>>> print(open('target-v1.txt').read())   # compact mmCIF, C-alpha atoms
# COMPACT_ATOMS: atom_id res chain seq x y z
CA GLU N 195 -35.32 -36.95 -20.94
CA GLU N 196 -32.63 -36.23 -23.50
CA LEU N 197 -29.90 -38.87 -23.77
CA GLY N 198 -26.97 -37.81 -21.60
CA GLY N 199 -28.96 -35.01 -19.94
CA ALA N 200 -28.02 -36.15 -16.43
CA SER N 201 -24.36 -36.33 -17.42
CA LEU N 202 -24.49 -32.86 -18.90
CA ARG N 203 -26.13 -31.44 -15.76
CA LYS N 204 -23.44 -33.06 -13.59
CA PHE N 205 -20.70 -31.68 -15.87
CA VAL N 206 -22.16 -28.17 -15.64
CA ALA N 207 -22.53 -28.39 -11.84
CA VAL N 208 -18.93 -29.57 -11.38
CA THR N 209 -17.66 -26.88 -13.77
CA VAL N 210 -19.50 -24.10 -11.90
CA ASP N 211 -18.20 -25.39 -8.54
CA ALA N 212 -14.66 -25.51 -9.92
CA PHE N 213 -15.00 -21.95 -11.20
CA PHE N 214 -15.89 -20.62 -7.76
CA ASP N 215 -13.53 -22.86 -5.76
CA ASN N 216 -10.27 -22.63 -7.74
CA ASP N 217 -7.87 -19.96 -8.89
CA LEU N 218 -5.76 -20.01 -12.04
CA LEU N 219 -2.87 -21.95 -10.50
CA GLN N 220 -5.09 -24.60 -8.91
CA THR N 221 -7.03 -25.04 -12.13
CA THR N 222 -3.82 -25.60 -14.09
CA LYS N 223 -2.62 -28.11 -11.47
CA LEU N 224 -5.92 -29.99 -11.68
CA PHE N 225 -5.76 -30.07 -15.46
CA LEU N 226 -2.22 -31.44 -15.58
CA ALA N 227 -2.95 -34.00 -12.86
CA ASN N 228 -5.87 -35.42 -14.82
CA ALA N 229 -4.83 -34.92 -18.45
CA LYS N 230 -3.19 -37.55 -20.62
CA GLY N 231 -0.40 -36.74 -23.04
CA SER N 232 2.19 -34.02 -23.30
CA PHE N 233 1.42 -30.33 -23.03
CA GLY N 234 2.87 -26.87 -23.32
CA LEU N 235 0.15 -24.60 -21.95
CA MET N 236 -0.54 -20.94 -21.43
CA VAL N 237 -3.61 -20.51 -19.25
CA SER N 238 -5.48 -17.32 -18.48
CA SER N 239 -9.03 -16.39 -17.58
CA SER N 240 -11.16 -13.37 -18.29
CA LEU N 241 -11.31 -12.67 -14.54
CA ASP N 242 -7.54 -12.50 -14.06
CA ALA N 243 -6.22 -11.65 -17.54
CA HIS N 244 -5.19 -8.19 -16.36
CA LYS N 245 -2.95 -9.62 -13.61
CA GLN N 246 -2.09 -13.32 -14.04
CA VAL N 247 -1.09 -16.02 -16.50
CA CYS N 248 0.06 -19.61 -15.93
CA VAL N 249 2.62 -21.25 -18.19
CA ALA N 250 2.94 -25.03 -17.84
CA ALA N 251 4.96 -27.79 -19.42
CA ARG N 252 4.76 -31.56 -19.34
CA GLY N 253 6.43 -33.55 -22.08
CA GLN N 254 6.93 -30.43 -24.18
CA SER N 255 9.32 -27.55 -23.68
CA ALA N 256 8.19 -24.13 -22.50
CA SER N 257 10.31 -21.05 -21.84
CA ILE N 258 9.64 -17.62 -20.41
CA ALA N 259 11.91 -14.61 -20.98
CA PHE N 260 11.84 -11.46 -18.86
CA TYR N 261 12.98 -8.11 -20.29
CA PRO N 262 12.72 -5.69 -17.32
CA ARG N 263 14.00 -2.61 -19.13
CA MET N 264 11.40 -3.05 -21.83
CA GLY N 265 8.59 -4.08 -19.49
CA LEU N 266 8.17 -7.19 -21.63
CA ILE N 267 7.64 -10.90 -20.94
CA CYS N 268 7.72 -13.44 -23.77
CA TYR N 269 6.74 -17.10 -23.52
CA GLY N 270 6.72 -19.91 -26.03
CA SER N 271 7.29 -23.57 -26.67
CA GLU N 272 10.75 -22.99 -28.14
CA GLN N 273 13.69 -21.28 -26.45
CA ALA N 274 14.39 -19.30 -29.62
CA ALA N 275 10.83 -17.92 -29.66
CA VAL N 276 11.37 -15.95 -26.46
CA LYS N 277 14.28 -14.10 -28.06
CA ALA N 278 11.73 -11.98 -29.91
CA GLY N 279 12.15 -9.34 -27.20
CA LEU N 280 15.73 -8.75 -28.31
CA ASN N 281 14.46 -7.18 -31.53
CA TYR N 282 11.70 -5.21 -29.83
CA SER N 283 12.16 -1.46 -29.67
CA THR N 284 10.35 0.09 -26.77
CA PRO N 285 8.24 3.08 -27.80
CA GLY N 286 9.64 6.03 -25.89
CA GLY N 287 12.81 4.13 -24.93
CA ASP N 288 13.62 1.72 -22.14
CA LEU N 289 11.83 1.97 -18.82
CA ALA N 290 13.54 3.99 -16.12
CA LEU N 291 14.07 1.62 -13.20
CA ASP N 292 14.53 3.09 -9.73
CA SER N 293 17.76 2.58 -7.78
CA SER N 294 16.35 -0.37 -5.80
CA THR N 295 16.06 -2.41 -9.02
CA ARG N 296 19.45 -1.58 -10.48
CA GLY N 297 21.95 -4.33 -11.19
CA SER N 298 20.93 -7.91 -11.86
CA CYS N 299 17.22 -7.04 -11.90
CA GLU N 300 17.77 -5.06 -15.10
CA GLU N 301 19.20 -8.02 -16.98
CA THR N 302 17.23 -10.23 -19.32
CA ARG N 303 16.43 -13.62 -17.80
CA ARG N 304 15.07 -16.83 -19.27
CA LEU N 305 13.24 -19.53 -17.34
CA ASP N 306 12.99 -22.98 -18.94
CA LEU N 307 10.26 -25.07 -17.35
CA ASP N 308 10.92 -28.70 -16.42
CA ASP N 309 9.20 -30.54 -19.24
CA LEU N 310 10.23 -34.01 -18.04
CA GLY N 311 8.90 -33.74 -14.49
CA GLY N 312 6.22 -31.21 -15.38
CA GLU N 313 6.20 -27.68 -14.02
CA ILE N 314 3.83 -24.73 -13.71
CA CYS N 315 4.85 -21.08 -13.45
CA LEU N 316 2.31 -18.51 -12.27
CA LEU N 317 3.15 -14.99 -13.41
CA ASP N 318 1.34 -12.50 -11.21
CA TRP N 319 1.94 -8.79 -11.72
CA HIS N 320 -0.96 -7.57 -9.60
CA TYR N 321 0.31 -5.35 -6.80
>>> encode(input="target-v1.txt", output="structure tokens")
Amino acid sequence: EELGGASLRKFVAVTVDAFFDNDLLQTTKLFLANAKGSFGLMVSSSLDAHKQVCVAARGQSASIAFYPRMGLICYGSEQAAVKAGLNYSTPGGDLALDSSTRGSCEETRRLDLDDLGGEICLLDWHY
């Protein structure tokens, strides 16, 4: 038998089980719980790329900016990086928001993840 063949089979079996048993958020939690070092992560999968993304920070900064009028979300490891949406011109103009979302929901918001304690943010736009 090839050297390490049993280890490789075990790795593949555990990976397949994890794929079927965990969603994007749980997978990111598991990674951070078992990883060494500092991380700023953006995690997606081909199964959920059309509806979800996880942004995580531990020991490295991570910020997310929301631009509701433009229908835009920016994320990056530097606060200044998420300001890119300020210079973005929306093709066809800003989105028309209905009356239930008027007011503070129209304003740009920035979320800075807790890099000292570690934090994960799941963005889910599937409705």
>>> atom_distance(input="target-v1.txt", atom1="CA of Leu226 in chain N", atom2="CA of Arg252 in chain N")
7.9 Å
>>> atom_distance(input="target-v1.txt", atom1="CA of Asp242 in chain N", atom2="CA of Lys204 in chain N")
26.0 Å
>>> atom_distance(input="target-v1.txt", atom1="CA of Ser201 in chain N", atom2="CA of Ala229 in chain N")
19.6 Å
>>> closest_residue(input="target-v1.txt", among="N:Leu202, N:Ala251, N:Ala259, N:Ala275", to="Gly312 in chain N", atoms="all atoms listed in the file")
N:Ala251
>>> residues_around(input="target-v1.txt", residues="range 211-222 of chain N", least_positions_apart="4", cutoff="9 Å", atoms="all atoms listed in the file", output="PyMOL selection string")
chain N and resi 206-207+226-227+235+237-239+242+246-250+314-316
>>> closest_residue(input="target-v1.txt", among="N:Met264, N:Leu305, N:Leu317, N:Ala278", to="Met236 in chain N", atoms="only C-alpha atoms")
N:Leu317
>>> closest_residue(input="target-v1.txt", among="N:Arg203, N:Thr302, N:Ser232, N:Gly265", to="Leu280 in chain N", atoms="only C-alpha atoms")
N:Thr302
>>> closest_residue(input="target-v1.txt", among="N:Asn228, N:Arg304, N:Thr209, N:Leu241", to="Ile267 in chain N", atoms="all atoms listed in the file")
N:Arg304
>>> closest_residue(input="target-v1.txt", among="N:Glu313, N:Val210, N:Gly253, N:Gly199", to="Gly231 in chain N", atoms="all atoms listed in the file")
N:Gly253
>>> closest_residue(input="target-v1.txt", among="N:Glu301, N:Lys277, N:Asp308, N:Asp318", to="Pro262 in chain N", atoms="only C-alpha atoms")
N:Glu301
